[in-house]
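Engineer: Quick one: the structure is below, and I'll ask about it shortly.
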Amino acid sequence: MMLDGLYQEIILDHYKHPHGRGLRDPFDGEAHHVNPTCGDEITVRVAAASGEFSDISYDGLGCSISQASASVLYELLSGRTASEAAGIHDAFVALMQGRGQVEPDEDVLGDGIAFAGVAKFPARVKCALLPWMAFQDAAARAGVDVSVAPEVKA
């Protein structure tokens with residue numbers, strides 16, 4: 001139970017003190033996603049120069065889970081290569097789709113492990129994944145595929 005409380009505190013801290021919030025120029029790709037179930041929305045911009053995400057910025061409205069998830073995404077993926085970002089992206093998506101049965105790797109997900117409890121609530125999984133799916137689309141619009149980590153590809 002104490003671990004759940006710590007995870008809640010991490011999510012609330014990212015919500016109250018977001019990292020990377022505010023849309024910035026220049027950018028190479030942008031995507032706007034809306035969760036029609038709850039009304040959360042987010043716009044994500046990526047600058048993908050020289051094979052790495054030199055900047056990720058976002059702005060949005062929504063619950064603490066979606067907005068904290070965007071902050072964690074910024075923290076984890078900014079400055080990463082496409083390959084590194086794909087691996088982290090895959091790990092976060094797997095955690096969220098694991099219905100609470102996936103043990104998160106703190107070395108890979110950092111503060112993203114705080115969302116392990118969210119995975120137990122299917123209605124909230126969409127909130128946590130909203131910025132990650134917008135990031136994936138923004139990266140694709142910038143010409144960078146992060147949909148599957150290279151080591152996972154057949």
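Each chain in the structure tokens gets a letter, A, B, ..., in the order shown, and its residues are numbered from 1; ligands are numbered from 1 in order too.
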Any idea what's packed within 10 Å of A:His32, counting only C-alpha atoms, ignoring anything in its chain fewer than 6 positions away? Could you give it as a PDB file with N, CA and C atoms, in the first residue's frame?
Structural biologist:
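Contents of around.pdb, as written:
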```pdb
ATOM      1  N   GLU A  41      -7.328  16.195 -23.827  1.00  0.00           N
ATOM      2  CA  GLU A  41      -6.705  16.441 -25.126  1.00  0.00           C
ATOM      3  C   GLU A  41      -5.274  16.895 -24.931  1.00  0.00           C
ATOM      4  N   ILE A  42      -4.488  16.632 -25.967  1.00  0.00           N
ATOM      5  CA  ILE A  42      -3.078  17.002 -25.912  1.00  0.00           C
ATOM      6  C   ILE A  42      -2.545  17.237 -27.321  1.00  0.00           C
ATOM      7  N   THR A  43      -1.647  18.204 -27.422  1.00  0.00           N
ATOM      8  CA  THR A  43      -0.892  18.444 -28.641  1.00  0.00           C
ATOM      9  C   THR A  43       0.569  18.199 -28.300  1.00  0.00           C
ATOM     10  N   VAL A  44       1.227  17.392 -29.114  1.00  0.00           N
ATOM     11  CA  VAL A  44       2.640  17.083 -28.903  1.00  0.00           C
ATOM     12  C   VAL A  44       3.413  17.516 -30.140  1.00  0.00           C
ATOM     13  N   ARG A  45       4.535  18.188 -29.903  1.00  0.00           N
ATOM     14  CA  ARG A  45       5.462  18.569 -30.975  1.00  0.00           C
ATOM     15  C   ARG A  45       6.807  17.908 -30.716  1.00  0.00           C
ATOM     16  N   TYR A  58       4.685  19.952 -25.359  1.00  0.00           N
ATOM     17  CA  TYR A  58       3.278  19.572 -25.369  1.00  0.00           C
ATOM     18  C   TYR A  58       2.453  20.617 -24.636  1.00  0.00           C
ATOM     19  N   ASP A  59       1.172  20.588 -24.916  1.00  0.00           N
ATOM     20  CA  ASP A  59       0.203  21.371 -24.167  1.00  0.00           C
ATOM     21  C   ASP A  59      -1.100  20.613 -24.214  1.00  0.00           C
ATOM     22  N   GLY A  60      -1.853  20.690 -23.158  1.00  0.00           N
ATOM     23  CA  GLY A  60      -3.109  19.958 -23.144  1.00  0.00           C
ATOM     24  C   GLY A  60      -3.948  20.285 -21.934  1.00  0.00           C
ATOM     25  N   LEU A 130      -2.640   8.595 -23.800  1.00  0.00           N
ATOM     26  CA  LEU A 130      -2.957   9.691 -24.716  1.00  0.00           C
ATOM     27  C   LEU A 130      -1.711  10.441 -25.197  1.00  0.00           C
ATOM     28  N   PRO A 131      -0.849  10.943 -24.321  1.00  0.00           N
ATOM     29  CA  PRO A 131       0.332  11.653 -24.821  1.00  0.00           C
ATOM     30  C   PRO A 131       1.311  10.753 -25.561  1.00  0.00           C
ATOM     31  N   MET A 133       0.584   8.157 -27.492  1.00  0.00           N
ATOM     32  CA  MET A 133       0.088   7.924 -28.853  1.00  0.00           C
ATOM     33  C   MET A 133       0.233   9.200 -29.699  1.00  0.00           C
ATOM     34  N   ALA A 134       0.026  10.360 -29.085  1.00  0.00           N
ATOM     35  CA  ALA A 134       0.230  11.625 -29.800  1.00  0.00           C
ATOM     36  C   ALA A 134       1.710  11.788 -30.151  1.00  0.00           C
ATOM     37  N   PHE A 135       2.597  11.415 -29.232  1.00  0.00           N
ATOM     38  CA  PHE A 135       4.034  11.465 -29.513  1.00  0.00           C
ATOM     39  C   PHE A 135       4.375  10.567 -30.704  1.00  0.00           C
ATOM     40  N   ASP A 137       2.508   9.652 -33.175  1.00  0.00           N
ATOM     41  CA  ASP A 137       2.034  10.271 -34.414  1.00  0.00           C
ATOM     42  C   ASP A 137       2.881  11.483 -34.800  1.00  0.00           C
ATOM     43  N   ALA A 138       3.250  12.302 -33.824  1.00  0.00           N
ATOM     44  CA  ALA A 138       4.093  13.469 -34.111  1.00  0.00           C
ATOM     45  C   ALA A 138       5.445  13.021 -34.653  1.00  0.00           C
TER      46      ALA A 138
END
```
Engineer: For A:Leu76, find every residue with an atom within 12 Å (counting only C-alpha atoms), except residues of its own chain fewer than 2 positions away, and show them as a PyMOL selection string.
Structural biologist: chain A and resi 19-20+53+55-56+69-74+78-81+84-89+91-92+106-113+132
Engineer: Excluding same-chain residues fewer than 6 positions from A:Gly100, what lies within 10 Å of it counting only C-alpha atoms, as a PyMOL selection string?
Structural biologist: chain A and resi 115-122
Engineer: Could you check the closest approach to A:Cys127 for each of A:Pro36, A:Ala114, A:Asp25, A:Gly51 and tell me which residue wins, using only C-alpha atoms?
Structural biologist: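 The shortest atom-to-atom distance to A:Cys127 comes from A:Pro36.
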Engineer: Determine which residues of chain A receive a DSSP assignment of alpha helix (DSSP H), computed from the backbone, and state them as JSON, numbers by chain.
Structural biologist: {"A": [2, 3, 4, 5, 6, 7, 8, 9, 10, 11, 12, 13, 14, 15, 16, 64, 65, 66, 67, 68, 69, 70, 71, 72, 73, 74, 75, 76, 77, 82, 83, 84, 85, 86, 87, 88, 89, 90, 91, 92, 93, 94, 95, 96, 97, 106, 107, 108, 109, 122, 123, 124, 125, 126, 127, 128, 129, 130, 131, 132, 133, 134, 135, 136, 137, 138, 139, 140, 141]}
Engineer: With C-alpha atoms retained, write the just-selected residues as a PDB file, in the first residue's frame.
Structural biologist:
```pdb
ATOM      1  CA  MET A   2       2.893   2.393   0.726  1.00  0.00           C
ATOM      2  CA  LEU A   3       4.212   1.869  -2.799  1.00  0.00           C
ATOM      3  CA  ASP A   4       0.833   2.876  -4.271  1.00  0.00           C
ATOM      4  CA  GLY A   5       0.960   6.069  -2.201  1.00  0.00           C
ATOM      5  CA  LEU A   6       4.444   6.855  -3.487  1.00  0.00           C
ATOM      6  CA  TYR A   7       3.299   6.271  -7.061  1.00  0.00           C
ATOM      7  CA  GLN A   8       0.332   8.594  -6.521  1.00  0.00           C
ATOM      8  CA  GLU A   9       2.696  11.258  -5.201  1.00  0.00           C
ATOM      9  CA  ILE A  10       4.937  10.944  -8.288  1.00  0.00           C
ATOM     10  CA  ILE A  11       1.927  11.352 -10.586  1.00  0.00           C
ATOM     11  CA  LEU A  12       0.646  14.348  -8.621  1.00  0.00           C
ATOM     12  CA  ASP A  13       4.089  15.945  -8.616  1.00  0.00           C
ATOM     13  CA  HIS A  14       4.343  15.656 -12.420  1.00  0.00           C
ATOM     14  CA  TYR A  15       0.817  17.062 -12.711  1.00  0.00           C
ATOM     15  CA  LYS A  16       1.502  20.039 -10.423  1.00  0.00           C
ATOM     16  CA  SER A  64      -3.865  14.434 -13.605  1.00  0.00           C
ATOM     17  CA  ILE A  65      -3.040  11.078 -15.198  1.00  0.00           C
ATOM     18  CA  SER A  66      -2.935  12.293 -18.807  1.00  0.00           C
ATOM     19  CA  GLN A  67      -1.058  15.466 -17.974  1.00  0.00           C
ATOM     20  CA  ALA A  68       1.444  13.743 -15.649  1.00  0.00           C
ATOM     21  CA  SER A  69       1.994  11.098 -18.317  1.00  0.00           C
ATOM     22  CA  ALA A  70       2.946  13.846 -20.793  1.00  0.00           C
ATOM     23  CA  SER A  71       5.442  15.238 -18.287  1.00  0.00           C
ATOM     24  CA  VAL A  72       6.992  11.795 -17.780  1.00  0.00           C
ATOM     25  CA  LEU A  73       7.122  11.269 -21.558  1.00  0.00           C
ATOM     26  CA  TYR A  74       9.040  14.532 -21.965  1.00  0.00           C
ATOM     27  CA  GLU A  75      11.443  13.557 -19.198  1.00  0.00           C
ATOM     28  CA  LEU A  76      12.069  10.069 -20.589  1.00  0.00           C
ATOM     29  CA  LEU A  77      12.259  10.751 -24.331  1.00  0.00           C
ATOM     30  CA  ALA A  82      14.750   7.095 -32.285  1.00  0.00           C
ATOM     31  CA  SER A  83      15.849   3.605 -31.265  1.00  0.00           C
ATOM     32  CA  GLU A  84      16.038   4.489 -27.568  1.00  0.00           C
ATOM     33  CA  ALA A  85      12.694   6.301 -27.712  1.00  0.00           C
ATOM     34  CA  ALA A  86      11.078   3.299 -29.418  1.00  0.00           C
ATOM     35  CA  GLY A  87      12.260   0.968 -26.659  1.00  0.00           C
ATOM     36  CA  ILE A  88      10.993   3.226 -23.889  1.00  0.00           C
ATOM     37  CA  HIS A  89       7.730   3.823 -25.755  1.00  0.00           C
ATOM     38  CA  ASP A  90       7.215   0.070 -26.139  1.00  0.00           C
ATOM     39  CA  ALA A  91       7.948  -0.530 -22.442  1.00  0.00           C
ATOM     40  CA  PHE A  92       5.414   2.098 -21.351  1.00  0.00           C
ATOM     41  CA  VAL A  93       2.714   0.805 -23.720  1.00  0.00           C
ATOM     42  CA  ALA A  94       3.337  -2.772 -22.526  1.00  0.00           C
ATOM     43  CA  LEU A  95       3.030  -1.621 -18.907  1.00  0.00           C
ATOM     44  CA  MET A  96      -0.262   0.130 -19.625  1.00  0.00           C
ATOM     45  CA  GLN A  97      -1.698  -2.793 -21.580  1.00  0.00           C
ATOM     46  CA  GLU A 106      12.666   1.469 -13.301  1.00  0.00           C
ATOM     47  CA  ASP A 107      15.930   1.656 -15.256  1.00  0.00           C
ATOM     48  CA  VAL A 108      13.909   1.985 -18.471  1.00  0.00           C
ATOM     49  CA  LEU A 109      10.798   3.845 -17.295  1.00  0.00           C
ATOM     50  CA  PRO A 122      -8.901   0.072 -18.094  1.00  0.00           C
ATOM     51  CA  ALA A 123     -10.837   3.350 -18.176  1.00  0.00           C
ATOM     52  CA  ARG A 124      -7.721   5.225 -17.013  1.00  0.00           C
ATOM     53  CA  VAL A 125      -5.261   3.464 -19.341  1.00  0.00           C
ATOM     54  CA  LYS A 126      -6.462   5.650 -22.231  1.00  0.00           C
ATOM     55  CA  CYS A 127      -5.635   8.720 -20.140  1.00  0.00           C
ATOM     56  CA  ALA A 128      -2.077   7.548 -19.512  1.00  0.00           C
ATOM     57  CA  LEU A 129      -1.531   6.507 -23.139  1.00  0.00           C
ATOM     58  CA  LEU A 130      -2.957   9.691 -24.716  1.00  0.00           C
ATOM     59  CA  PRO A 131       0.332  11.653 -24.821  1.00  0.00           C
ATOM     60  CA  TRP A 132       2.311   8.566 -25.841  1.00  0.00           C
ATOM     61  CA  MET A 133       0.088   7.924 -28.853  1.00  0.00           C
ATOM     62  CA  ALA A 134       0.230  11.625 -29.800  1.00  0.00           C
ATOM     63  CA  PHE A 135       4.034  11.465 -29.513  1.00  0.00           C
ATOM     64  CA  GLN A 136       4.106   8.415 -31.799  1.00  0.00           C
ATOM     65  CA  ASP A 137       2.034  10.271 -34.414  1.00  0.00           C
ATOM     66  CA  ALA A 138       4.093  13.469 -34.111  1.00  0.00           C
ATOM     67  CA  ALA A 139       7.290  11.443 -34.538  1.00  0.00           C
ATOM     68  CA  ALA A 140       5.834   9.729 -37.625  1.00  0.00           C
ATOM     69  CA  ARG A 141       4.970  13.143 -39.093  1.00  0.00           C
TER      70      ARG A 141
END
```
Engineer: Extract the full set of strand (DSSP E or B) residues from chain A according to DSSP on the backbone, and format it as a VMD selection string.
Structural biologist: chain A and resid 21 29 to 34 41 to 49 52 to 61 81
Engineer: In terms of the shortest atom-to-atom distance over only C-alpha atoms, which of A:Ser57, A:Gln101, A:Ser50, A:Thr37 is closest to A:Arg21?
Structural biologist: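 Closest to A:Arg21 of all the choices is A:Ser57.
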